[in-house]
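The data block below is model10.cif; it holds mmCIF, C-alpha atoms.
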```cif
data_coords
loop_
_atom_site.label_atom_id
_atom_site.label_comp_id
_atom_site.auth_asym_id
_atom_site.auth_seq_id
_atom_site.Cartn_x
_atom_site.Cartn_y
_atom_site.Cartn_z
CA MET A 1 65.63 91.48 136.06
CA SER A 2 69.00 93.23 136.00
CA ALA A 3 69.91 95.42 138.95
CA LEU A 4 73.13 96.68 137.39
CA GLU A 5 73.95 97.10 133.74
CA LEU A 6 77.26 98.22 132.25
CA ARG A 7 77.25 99.24 128.60
CA ALA A 8 80.52 99.67 126.70
CA VAL A 9 82.28 101.13 129.75
CA CYS A 10 85.77 102.51 129.09
CA LYS A 11 88.31 104.09 131.42
CA SER A 12 91.87 105.16 130.64
CA TYR A 13 94.69 106.72 132.63
CA GLY A 14 96.75 108.60 130.11
CA ALA A 15 97.83 106.13 127.44
CA VAL A 16 96.85 103.12 129.57
CA ALA A 17 93.41 101.68 128.78
CA ALA A 18 92.41 100.21 132.16
CA VAL A 19 88.89 99.19 131.10
CA GLN A 20 87.86 98.66 127.49
CA ASN A 21 84.26 98.33 126.25
CA VAL A 22 82.95 96.27 129.15
CA ASP A 23 79.35 95.04 128.92
CA LEU A 24 78.00 93.27 132.00
CA ARG A 25 74.60 92.55 133.52
CA VAL A 26 74.12 91.70 137.19
CA GLU A 27 70.77 90.21 138.16
CA THR A 28 68.80 91.52 141.14
CA GLY A 29 69.72 89.76 144.38
CA SER A 30 72.59 87.83 142.81
CA ARG A 31 76.29 87.68 143.70
CA THR A 32 78.85 88.40 140.97
CA ALA A 33 82.62 88.00 141.33
CA ILE A 34 84.97 89.93 139.06
CA VAL A 35 88.31 88.16 138.79
CA GLY A 36 91.54 88.74 136.95
CA ALA A 37 95.26 89.06 137.38
CA SER A 38 96.84 92.25 138.73
CA GLY A 39 96.39 95.01 136.19
CA SER A 40 93.42 93.33 134.48
CA GLY A 41 91.12 96.29 135.25
CA LYS A 42 88.84 94.68 137.83
CA THR A 43 89.45 97.26 140.59
CA THR A 44 89.11 100.16 138.16
CA LEU A 45 85.78 98.74 137.01
CA LEU A 46 84.60 98.49 140.63
CA ARG A 47 85.61 102.11 141.26
CA VAL A 48 83.66 103.22 138.18
CA ILE A 49 80.56 101.40 139.48
CA ALA A 50 81.01 102.93 142.94
CA GLY A 51 81.39 106.43 141.52
CA PHE A 52 84.98 106.96 142.69
CA GLU A 53 85.97 107.21 139.02
CA ALA A 54 84.00 108.55 136.05
CA PRO A 55 84.00 106.45 132.88
CA ASP A 56 85.44 108.01 129.75
CA ALA A 57 82.67 106.39 127.72
CA GLY A 58 79.77 104.04 128.19
CA SER A 59 77.06 103.98 130.82
CA VAL A 60 76.42 102.60 134.31
CA ILE A 61 72.75 101.89 135.12
CA LEU A 62 71.42 100.79 138.52
CA ASN A 63 67.79 99.68 138.78
CA GLY A 64 66.91 101.68 135.71
CA LYS A 65 68.65 104.86 136.88
CA VAL A 66 71.60 106.12 134.85
CA LEU A 67 74.50 106.75 137.23
CA ALA A 68 77.00 107.70 134.54
CA ASP A 69 76.84 107.99 130.77
CA GLY A 70 79.78 110.12 129.72
CA SER A 71 77.90 113.42 129.81
CA HIS A 72 77.06 113.35 133.52
CA THR A 73 77.97 111.34 136.62
CA ILE A 74 76.08 110.99 139.89
CA PRO A 75 78.54 111.30 142.80
CA ALA A 76 79.35 108.26 144.90
CA HIS A 77 77.48 109.38 148.03
CA LYS A 78 74.21 109.68 146.09
CA ARG A 79 74.29 106.26 144.41
CA ALA A 80 72.82 104.10 147.22
CA ILE A 81 75.80 101.76 146.88
CA GLY A 82 77.52 100.14 149.85
CA PHE A 83 81.29 99.66 149.71
CA VAL A 84 83.51 97.43 151.87
CA PRO A 85 87.25 97.92 151.19
CA GLN A 86 90.00 95.37 151.65
CA ASP A 87 90.97 96.39 155.19
CA GLY A 88 87.49 97.33 156.40
CA ALA A 89 88.68 100.92 156.98
CA LEU A 90 87.01 101.28 160.37
CA PHE A 91 87.52 104.59 162.19
CA PRO A 92 90.04 103.72 164.93
CA HIS A 93 88.83 106.53 167.23
CA LEU A 94 85.20 105.37 167.16
CA THR A 95 83.56 102.43 168.94
CA VAL A 96 81.80 99.64 167.08
CA ALA A 97 78.46 101.39 167.65
CA ALA A 98 79.80 104.72 166.39
CA ASN A 99 81.36 103.09 163.34
CA ILE A 100 78.13 101.38 162.36
CA GLY A 101 76.04 104.45 163.09
CA PHE A 102 78.31 106.84 161.21
CA GLY A 103 76.10 108.80 158.83
CA LEU A 104 72.84 107.35 160.13
CA ALA A 105 70.07 109.91 160.41
CA GLY A 106 67.45 110.03 163.13
CA ASN A 107 67.32 110.55 166.88
CA SER A 108 69.45 108.59 169.33
CA SER A 109 66.71 106.05 169.99
CA THR A 110 66.04 105.12 166.35
CA ARG A 111 69.76 105.09 165.58
CA ALA A 112 70.43 102.76 168.52
CA GLN A 113 67.66 100.43 167.36
CA ARG A 114 69.01 100.33 163.81
CA ILE A 115 72.57 99.67 165.05
CA ALA A 116 71.33 96.81 167.22
CA GLU A 117 69.47 95.32 164.24
CA LEU A 118 72.62 95.50 162.14
CA MET A 119 74.67 93.79 164.85
CA ASP A 120 72.17 90.95 164.83
CA MET A 121 72.24 90.84 161.05
CA VAL A 122 76.02 90.33 160.90
CA ALA A 123 75.94 87.88 163.86
CA LEU A 124 77.85 90.00 166.35
CA GLY A 125 76.85 90.17 170.01
CA ARG A 126 75.49 93.49 171.22
CA GLU A 127 77.99 93.42 174.10
CA MET A 128 80.61 94.36 171.48
CA LEU A 129 79.02 97.76 170.70
CA GLY A 130 81.32 99.57 173.10
CA ARG A 131 84.54 97.98 171.87
CA TRP A 132 87.20 99.70 169.79
CA PRO A 133 88.32 98.37 166.38
CA HIS A 134 91.71 97.23 167.73
CA GLU A 135 89.89 95.01 170.23
CA LEU A 136 88.26 92.99 167.43
CA SER A 137 89.54 90.06 165.41
CA GLY A 138 89.99 90.44 161.66
CA GLY A 139 86.74 88.65 160.94
CA GLN A 140 84.85 90.78 163.46
CA GLN A 141 86.24 93.96 161.92
CA GLN A 142 85.03 92.88 158.48
CA ARG A 143 81.55 92.21 159.86
CA VAL A 144 81.44 95.65 161.46
CA ALA A 145 82.52 97.18 158.13
CA LEU A 146 79.74 95.24 156.41
CA ALA A 147 77.20 96.40 159.01
CA ARG A 148 78.28 100.00 158.43
CA ALA A 149 77.80 99.57 154.67
CA LEU A 150 74.38 97.95 155.22
CA ALA A 151 73.25 100.77 157.49
CA GLN A 152 72.33 102.96 154.53
CA ARG A 153 70.13 100.22 153.00
CA PRO A 154 72.12 100.07 149.74
CA GLN A 155 70.68 98.85 146.46
CA LEU A 156 74.05 97.37 145.56
CA MET A 157 76.97 96.13 147.69
CA LEU A 158 80.56 96.29 146.44
CA LEU A 159 83.24 94.18 148.14
CA ASP A 160 86.86 94.97 147.25
CA GLU A 161 88.89 91.89 148.29
CA PRO A 162 87.41 92.06 151.81
CA PHE A 163 88.71 88.66 152.96
CA SER A 164 92.31 88.81 151.74
CA ALA A 165 93.78 89.91 155.09
CA LEU A 166 92.22 87.00 156.99
CA ASP A 167 93.88 83.64 157.63
CA THR A 168 92.71 80.69 155.54
CA GLY A 169 90.21 79.14 157.97
CA LEU A 170 88.70 82.45 159.03
CA ARG A 171 88.54 83.63 155.42
CA ALA A 172 86.38 80.68 154.37
CA ALA A 173 84.05 80.99 157.36
CA THR A 174 83.67 84.77 156.97
CA ARG A 175 83.10 84.48 153.22
CA LYS A 176 80.33 81.92 153.72
CA ALA A 177 78.68 83.96 156.46
CA VAL A 178 78.77 87.15 154.36
CA ALA A 179 77.35 85.34 151.32
CA GLN A 180 74.47 83.94 153.37
CA LEU A 181 73.79 87.30 154.99
CA LEU A 182 73.66 89.18 151.68
CA SER A 183 71.47 86.51 150.07
CA ALA A 184 69.05 86.57 153.01
CA ALA A 185 68.85 90.35 152.73
CA GLY A 186 68.28 90.12 148.95
CA ILE A 187 71.12 92.56 148.25
CA THR A 188 72.79 92.49 144.85
CA THR A 189 76.52 92.08 145.40
CA ILE A 190 79.74 92.42 143.40
CA LEU A 191 82.98 91.00 144.76
CA VAL A 192 86.40 91.82 143.32
CA THR A 193 89.06 89.27 144.16
CA HIS A 194 92.28 87.76 142.85
CA ASP A 195 91.49 84.49 144.64
CA GLN A 196 89.93 82.13 142.09
CA ALA A 197 88.67 79.62 144.66
CA GLU A 198 87.05 82.43 146.62
CA ALA A 199 85.30 83.72 143.52
CA LEU A 200 84.03 80.27 142.51
CA SER A 201 82.70 79.64 146.02
CA PHE A 202 81.08 83.04 146.55
CA ALA A 203 79.47 83.95 143.25
CA ASP A 204 76.42 83.03 141.21
CA GLN A 205 78.05 84.75 138.23
CA LEU A 206 81.73 84.99 137.38
CA ALA A 207 83.21 87.76 135.22
CA VAL A 208 86.78 87.20 134.04
CA MET A 209 88.86 90.21 133.01
CA ARG A 210 92.15 90.33 131.14
CA ASN A 211 94.04 93.36 129.83
CA GLY A 212 91.10 95.64 130.59
CA ARG A 213 88.56 93.52 128.73
CA LEU A 214 85.80 91.22 129.90
CA VAL A 215 86.75 87.91 128.29
CA GLN A 216 83.94 85.75 129.69
CA ALA A 217 80.94 85.97 132.01
CA GLY A 218 78.58 83.25 133.17
CA THR A 219 77.86 80.89 136.03
CA SER A 220 80.86 79.82 138.08
CA MET A 221 80.48 76.15 137.13
CA ASP A 222 80.05 76.89 133.44
CA ILE A 223 83.17 79.03 133.21
CA TYR A 224 85.23 76.59 135.29
CA LEU A 225 84.24 73.63 133.11
CA ARG A 226 83.90 75.49 129.80
CA PRO A 227 86.36 78.41 129.72
CA VAL A 228 86.58 80.36 126.50
CA ASP A 229 90.34 79.88 126.06
CA GLU A 230 93.42 78.31 127.61
CA ALA A 231 94.45 81.47 129.48
CA THR A 232 91.08 81.60 131.26
CA ALA A 233 91.21 77.86 132.00
CA VAL A 234 94.64 78.06 133.61
CA PHE A 235 93.76 81.21 135.55
CA LEU A 236 90.79 79.52 137.21
CA GLY A 237 92.66 76.38 138.27
CA ASP A 238 94.86 73.49 137.22
CA ALA A 239 94.06 72.30 133.73
CA VAL A 240 95.17 69.53 131.39
CA VAL A 241 95.33 71.00 127.88
CA LEU A 242 95.96 68.66 124.96
CA PRO A 243 95.92 68.80 121.15
CA ALA A 244 93.27 66.57 119.66
CA GLN A 245 91.50 65.56 116.48
CA LEU A 246 87.72 66.02 116.69
CA GLU A 247 85.21 63.79 114.94
CA ASN A 248 81.46 63.84 115.59
CA GLY A 249 81.66 64.66 119.28
CA TRP A 250 84.76 62.59 120.03
CA ALA A 251 88.36 63.69 120.57
CA ASP A 252 91.36 61.53 119.73
CA CYS A 253 94.25 62.59 121.95
CA ALA A 254 97.05 61.25 124.14
CA LEU A 255 94.42 59.82 126.52
CA GLY A 256 92.77 57.84 123.75
CA ARG A 257 89.34 58.46 122.26
CA ILE A 258 87.24 60.47 124.71
CA PRO A 259 83.89 62.31 124.48
CA ALA A 260 84.02 66.05 123.80
CA ASP A 261 81.48 68.81 124.46
CA ASP A 262 81.38 69.99 120.83
CA ASP A 263 79.83 67.63 118.29
CA GLY A 264 79.71 70.25 115.54
CA ARG A 265 83.42 70.56 114.86
CA ASN A 266 85.83 68.21 113.14
CA GLY A 267 89.58 68.43 112.73
CA ALA A 268 92.41 69.73 114.86
CA ALA A 269 91.57 71.51 118.14
CA GLN A 270 92.74 72.13 121.70
CA ILE A 271 90.84 70.36 124.46
CA MET A 272 90.83 70.78 128.23
CA LEU A 273 90.18 68.50 131.18
CA ARG A 274 90.28 69.41 134.85
CA PRO A 275 92.64 67.17 136.89
CA GLU A 276 89.73 65.74 138.89
CA GLN A 277 88.30 64.31 135.64
CA LEU A 278 91.23 61.90 135.37
CA GLN A 279 91.00 58.63 137.30
CA LEU A 280 93.95 56.38 138.07
CA SER A 281 94.02 52.65 138.71
CA ALA A 282 97.23 50.81 139.56
CA ILE A 283 98.37 48.02 137.25
CA ALA A 284 101.31 45.68 137.35
CA PRO A 285 104.44 46.98 135.62
CA SER A 286 104.19 44.05 133.22
CA GLY A 287 100.84 45.43 132.13
CA ALA A 288 102.29 48.71 130.91
CA ASP A 289 101.51 47.77 127.32
CA ALA A 290 97.94 46.81 128.13
CA LYS A 291 95.06 48.37 126.23
CA GLY A 292 94.31 51.95 127.21
CA CYS A 293 96.36 54.93 128.27
CA THR A 294 99.01 54.17 130.88
CA GLY A 295 101.71 56.11 132.67
CA THR A 296 103.99 56.29 135.68
CA ILE A 297 103.55 58.49 138.73
CA THR A 298 106.66 60.66 139.07
CA ASP A 299 105.65 63.10 141.80
CA MET A 300 103.07 63.67 144.52
CA ASP A 301 102.11 67.05 146.00
CA PHE A 302 100.36 66.14 149.25
CA GLY A 303 97.59 68.51 150.33
CA GLY A 304 95.82 66.71 153.15
CA SER A 305 92.52 65.23 152.00
CA ALA A 306 93.58 65.50 148.35
CA CYS A 307 96.86 65.44 146.50
CA MET A 308 98.12 66.38 143.06
CA LEU A 309 99.91 63.62 141.17
CA THR A 310 102.22 64.07 138.21
CA VAL A 311 101.86 61.22 135.72
CA ARG A 312 104.33 60.67 132.89
CA LEU A 313 102.56 59.07 129.94
CA ASN A 314 103.97 55.95 128.36
CA ALA A 315 105.82 56.26 125.06
CA SER A 316 102.88 55.52 122.76
CA ALA A 317 100.57 58.00 124.45
CA ALA A 318 103.24 60.65 124.81
CA SER A 319 104.02 60.54 121.10
CA ALA A 320 100.43 61.61 120.42
CA VAL A 321 100.80 64.71 122.55
CA GLY A 322 103.30 66.30 120.25
CA SER A 323 105.84 67.89 122.59
CA ASP A 324 108.09 66.89 125.44
CA ALA A 325 106.52 69.53 127.72
CA SER A 326 103.15 67.80 127.43
CA ARG A 327 104.22 64.28 128.31
CA SER A 328 103.23 64.67 131.97
CA LEU A 329 99.72 65.26 133.24
CA LEU A 330 98.38 66.54 136.55
CA VAL A 331 95.78 64.36 138.26
CA ARG A 332 93.90 65.34 141.43
CA SER A 333 93.28 62.34 143.68
CA SER A 334 92.06 61.44 147.13
CA SER A 335 95.18 61.11 149.29
CA ILE A 336 93.93 57.83 150.73
CA GLN A 337 93.46 56.24 147.32
CA ALA A 338 96.50 57.76 145.60
CA PRO A 339 98.97 55.22 144.14
CA PRO A 340 102.58 55.77 145.30
CA VAL A 341 105.31 57.49 143.34
CA GLY A 342 106.76 55.03 140.86
CA ALA A 343 103.52 53.11 140.37
CA THR A 344 102.34 52.21 136.88
CA VAL A 345 98.74 53.33 136.37
CA ARG A 346 95.96 53.24 133.82
CA ILE A 347 94.34 56.63 133.13
CA THR A 348 90.64 56.94 132.40
CA VAL A 349 88.52 60.04 131.86
CA THR A 350 85.29 61.01 133.61
CA GLY A 351 82.92 63.35 131.80
CA ARG A 352 83.58 65.17 128.56
CA ALA A 353 86.59 67.15 127.42
CA HIS A 354 85.97 70.84 126.76
CA VAL A 355 86.86 72.09 123.30
CA PHE A 356 88.27 75.60 123.20
CA ASN A 357 86.79 78.01 120.70
CA ALA A 358 88.50 78.05 117.35
CA PRO A 359 90.93 80.98 117.02
CA THR A 360 89.54 84.03 115.26
CA PRO A 361 91.10 84.38 111.80
#
```
Take the structure I supplied and represent it as structure tokens, if you would.
Amino acid sequence: MSALELRAVCKSYGAVAAVQNVDLRVETGSRTAIVGASGSGKTTLLRVIAGFEAPDAGSVILNGKVLADGSHTIPAHKRAIGFVPQDGALFPHLTVAANIGFGLAGNSSTRAQRIAELMDMVALGREMLGRWPHELSGGQQQRVALARALAQRPQLMLLDEPFSALDTGLRAATRKAVAQLLSAAGITTILVTHDQAEALSFADQLAVMRNGRLVQAGTSMDIYLRPVDEATAVFLGDAVVLPAQLENGWADCALGRIPADDDGRNGAAQIMLRPEQLQLSAIAPSGADAKGCTGTITDMDFGGSACMLTVRLNASAASAVGSDASRSLLVRSSSIQAPPVGATVRITVTGRAHVFNAPTP
């Protein structure tokens, strides 16, 4: 069952079409991440859902209730939607307890009980209730902001890049804790972020926007492994894109004859592999002309547990690629097992290559 449904939503600012005909369904209790480059329309779409902006056309429906349809718009404070902005936006002159309890109805006793429950929910000790925002760490501030948003028992939670101000280690820990908390509470959540890794880790569903349009939506794994086009593939992570000739589920390319995920197309196409699908094995330099695709490691970008290797294909393989710019491939490898720069290696492929959709005539 869908908690949120967007139908042909449009929003323009003057001559600039920020959001164009967006259709999106968000299932009850799920987590959706909306990603895209700056100016793609993701924040505008979030503001339309929240009620901070009214759509020019289209409709926004939450649990069967129409929030906006062009002729009327329900104001933000009546939508039962929680919102956590990028910086948390805590009131600096109020304590943690007062921030969480802001807007809570009821007598002092019931409010205090609800605030204590929310502190437990976001895993903050009750001894922190009397602290001021400036006395909290960045991660603690974000949890207080989340508790404040949860206080109103929202039907939908909107997160606008809430982890971007945190350092790398804290960001990952806070993101995981928030995801678990929202899942346990059964709250439907939408996250807007420019961090692709964050989106892939956080979300059940990924929605990719570009130039105001929704270009693809689906599970995180499906979109990562089977993006609709090269621009989406590259946006979500490193990608090896090659020209190929398709024949009955196989692709002939610079890496040899490899299985493809489309057995219904034949002829010229563009295929994609993720760097982790390429495996390297060292061979003696004298074996450079051995059967299979071979190359030479020209660069290593060390990243701790893993590294990114640049491999220049040998002459026979490179000639199949079709351009000088494509004669080097990126391969993600375990740092411990990575061959050194200068080594001659054989390249094999794990899994199937993804075939991009044929261009629309």
- Select, from A:Arg346, A:His354, A:Arg153, A:Arg171, the residue with the minimum atom-to-atom distance to Asp222 of chain A, counting only C-alpha atoms.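 Comparing A:Arg346, A:His354, A:Arg153, A:Arg171 against Asp222 of chain A, the winner is A:His354.
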- Task: Determine the residue membership of the PyMOL selection byres ((chain A and resi 206) around 8) for the file above and supply it as a ChimeraX atom specification.
- Result: /A:32-35,199-200,203-205,207-208,217-220,223
Using only C-alpha atoms, please write the residues we just selected to a file, as a CSV table (one decimal), keeping the file's coordinate frame.
```csv
chain,number,residue,atom,x,y,z
A,32,THR,CA,78.8,88.4,141.0
A,33,ALA,CA,82.6,88.0,141.3
A,34,ILE,CA,85.0,89.9,139.1
A,35,VAL,CA,88.3,88.2,138.8
A,199,ALA,CA,85.3,83.7,143.5
A,200,LEU,CA,84.0,80.3,142.5
A,203,ALA,CA,79.5,84.0,143.2
A,204,ASP,CA,76.4,83.0,141.2
A,205,GLN,CA,78.0,84.8,138.2
A,207,ALA,CA,83.2,87.8,135.2
A,208,VAL,CA,86.8,87.2,134.0
A,217,ALA,CA,80.9,86.0,132.0
A,218,GLY,CA,78.6,83.2,133.2
A,219,THR,CA,77.9,80.9,136.0
A,220,SER,CA,80.9,79.8,138.1
A,223,ILE,CA,83.2,79.0,133.2
```
- Query: Using the chain letters and numbers from the file, which residues does the PyMOL selection byres ((chain A and resi 334) around 7) grab, as a list of chain:residue names?
  - Reply: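 So the PyMOL selection byres ((chain A and resi 334) around 7) ends up selecting A:Ser305, A:Ala306, A:Cys307, A:Ser333, A:Ser335, A:Ile336, A:Gln337, A:Ala338.
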- Task: Write out as a ChimeraX atom specification which residues come within 10 Å of Cys10 of chain A when counting all atoms listed in the file, dropping same-chain ones fewer than 5 positions away.
- Result: /A:17-23,44-45,48,54-59,70,212-213
- Could you write out as an NGL selection string the residues that the PyMOL selection byres ((chain A and resi 276) around 12) matches in the shown file? :A and (225 or 237-240 or 272-275 or 277-280 or 306-309 or 329-334 or 347-351 or 353)
Next, write the just-selected residues to a file, as a PDB file, keeping the file's coordinate frame, keeping C-alpha atoms as the atom set.
```pdb
ATOM      1  CA  LEU A 225      84.240  73.630 133.110  1.00  0.00           C
ATOM      2  CA  GLY A 237      92.660  76.380 138.270  1.00  0.00           C
ATOM      3  CA  ASP A 238      94.860  73.490 137.220  1.00  0.00           C
ATOM      4  CA  ALA A 239      94.060  72.300 133.730  1.00  0.00           C
ATOM      5  CA  VAL A 240      95.170  69.530 131.390  1.00  0.00           C
ATOM      6  CA  MET A 272      90.830  70.780 128.230  1.00  0.00           C
ATOM      7  CA  LEU A 273      90.180  68.500 131.180  1.00  0.00           C
ATOM      8  CA  ARG A 274      90.280  69.410 134.850  1.00  0.00           C
ATOM      9  CA  PRO A 275      92.640  67.170 136.890  1.00  0.00           C
ATOM     10  CA  GLN A 277      88.300  64.310 135.640  1.00  0.00           C
ATOM     11  CA  LEU A 278      91.230  61.900 135.370  1.00  0.00           C
ATOM     12  CA  GLN A 279      91.000  58.630 137.300  1.00  0.00           C
ATOM     13  CA  LEU A 280      93.950  56.380 138.070  1.00  0.00           C
ATOM     14  CA  ALA A 306      93.580  65.500 148.350  1.00  0.00           C
ATOM     15  CA  CYS A 307      96.860  65.440 146.500  1.00  0.00           C
ATOM     16  CA  MET A 308      98.120  66.380 143.060  1.00  0.00           C
ATOM     17  CA  LEU A 309      99.910  63.620 141.170  1.00  0.00           C
ATOM     18  CA  LEU A 329      99.720  65.260 133.240  1.00  0.00           C
ATOM     19  CA  LEU A 330      98.380  66.540 136.550  1.00  0.00           C
ATOM     20  CA  VAL A 331      95.780  64.360 138.260  1.00  0.00           C
ATOM     21  CA  ARG A 332      93.900  65.340 141.430  1.00  0.00           C
ATOM     22  CA  SER A 333      93.280  62.340 143.680  1.00  0.00           C
ATOM     23  CA  SER A 334      92.060  61.440 147.130  1.00  0.00           C
ATOM     24  CA  ILE A 347      94.340  56.630 133.130  1.00  0.00           C
ATOM     25  CA  THR A 348      90.640  56.940 132.400  1.00  0.00           C
ATOM     26  CA  VAL A 349      88.520  60.040 131.860  1.00  0.00           C
ATOM     27  CA  THR A 350      85.290  61.010 133.610  1.00  0.00           C
ATOM     28  CA  GLY A 351      82.920  63.350 131.800  1.00  0.00           C
ATOM     29  CA  ALA A 353      86.590  67.150 127.420  1.00  0.00           C
TER      30      ALA A 353
END
```
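Atom pair atom CA of Leu242 of chain A / atom CA of Val355 of chain A has a distance of 9.9 Å (rounded to one decimal).
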- Restricting to all atoms listed in the file, whichever of A:Thr298, A:Ser109, A:Ser2, A:Gln152 is closest to Asn63 of chain A is A:Ser2
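When atom CA of Arg7 of chain A is paired with atom CA of Arg25 of chain A, their separation reads 8.7 Å.
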- Interatomic distance, atom CA of Gln113 of chain A to atom CA of Leu129 of chain A (Å, one decimal):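 Atom-to-atom, atom CA of Gln113 of chain A and atom CA of Leu129 of chain A are spaced 12.1 Å apart.
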- Query: From the list A:Thr43, A:Gln141, A:Thr110, A:Thr296, which residue is nearest Phe91 of chain A when using only C-alpha atoms?
  - Reply: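 Closest to Phe91 of chain A of all the choices is A:Gln141.
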- Message: Here is a test: counting all atoms listed in the file, which residue of A:Leu46, A:Val96, A:Leu4, A:Ile271 is nearest to Ile115 of chain A?
- Response: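 Comparing A:Leu46, A:Val96, A:Leu4, A:Ile271 against Ile115 of chain A, the winner is A:Val96.
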Need the axis-aligned box for segment 26-43 of chain A with 3 Å each side, so what are the centre and edges in Å to one decimal, as lines of an AutoDock Vina configuration file?
```
center_x = 82.8
center_y = 92.5
center_z = 139.4
size_x = 34.0
size_y = 15.6
size_z = 15.9
```
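If you measure from each of A:Pro92, A:Pro162, A:Leu6, A:Asp69 to Trp132 of chain A using all atoms listed in the file, the closest one turns out to be A:Pro92.
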- Message: Under the rule that only C-alpha atoms are counted, which of A:Lys42, A:Ile61, A:Ala147, A:Val215 is the nearest residue to Met121 of chain A?
- Response: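 Counting only C-alpha atoms, the residue closest to Met121 of chain A is A:Ala147.
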- Message: Taking (91.3, 100.9, 166.9) in the coordinates of the supplied file, I want to know which residues reach to within 9 Å of it, counting all atoms listed in the file; could you give the answer as a list of chain:residue names?
- Response: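 Final list of nearby residues, as requested, is A:Leu90, A:Phe91, A:Pro92, A:His93, A:Leu94, A:Thr95, A:Arg131, A:Trp132, A:Pro133, A:His134, A:Glu135, A:Leu136.
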- Message: For Pro85 of chain A, find every residue with an atom within 7 Å (counting all atoms listed in the file), except residues of its own chain fewer than 2 positions away, and show them as an MDAnalysis selection string.
- Response: chainID A and resid 83 87:89 159:162
- Task: Write out as an MDAnalysis selection string each polymer residue whose atoms come within 6 Å of segment 261-263 of chain A, counting only C-alpha atoms; drop sequence neighbours fewer than 3 positions from it.
- Result: chainID A and resid 248:249 352 354
Selection from above, C-alpha atoms, as a CSV table (one decimal), in the coordinates of the input, can you write it?
```
chain,number,residue,atom,x,y,z
A,248,ASN,CA,81.5,63.8,115.6
A,249,GLY,CA,81.7,64.7,119.3
A,352,ARG,CA,83.6,65.2,128.6
A,354,HIS,CA,86.0,70.8,126.8
```
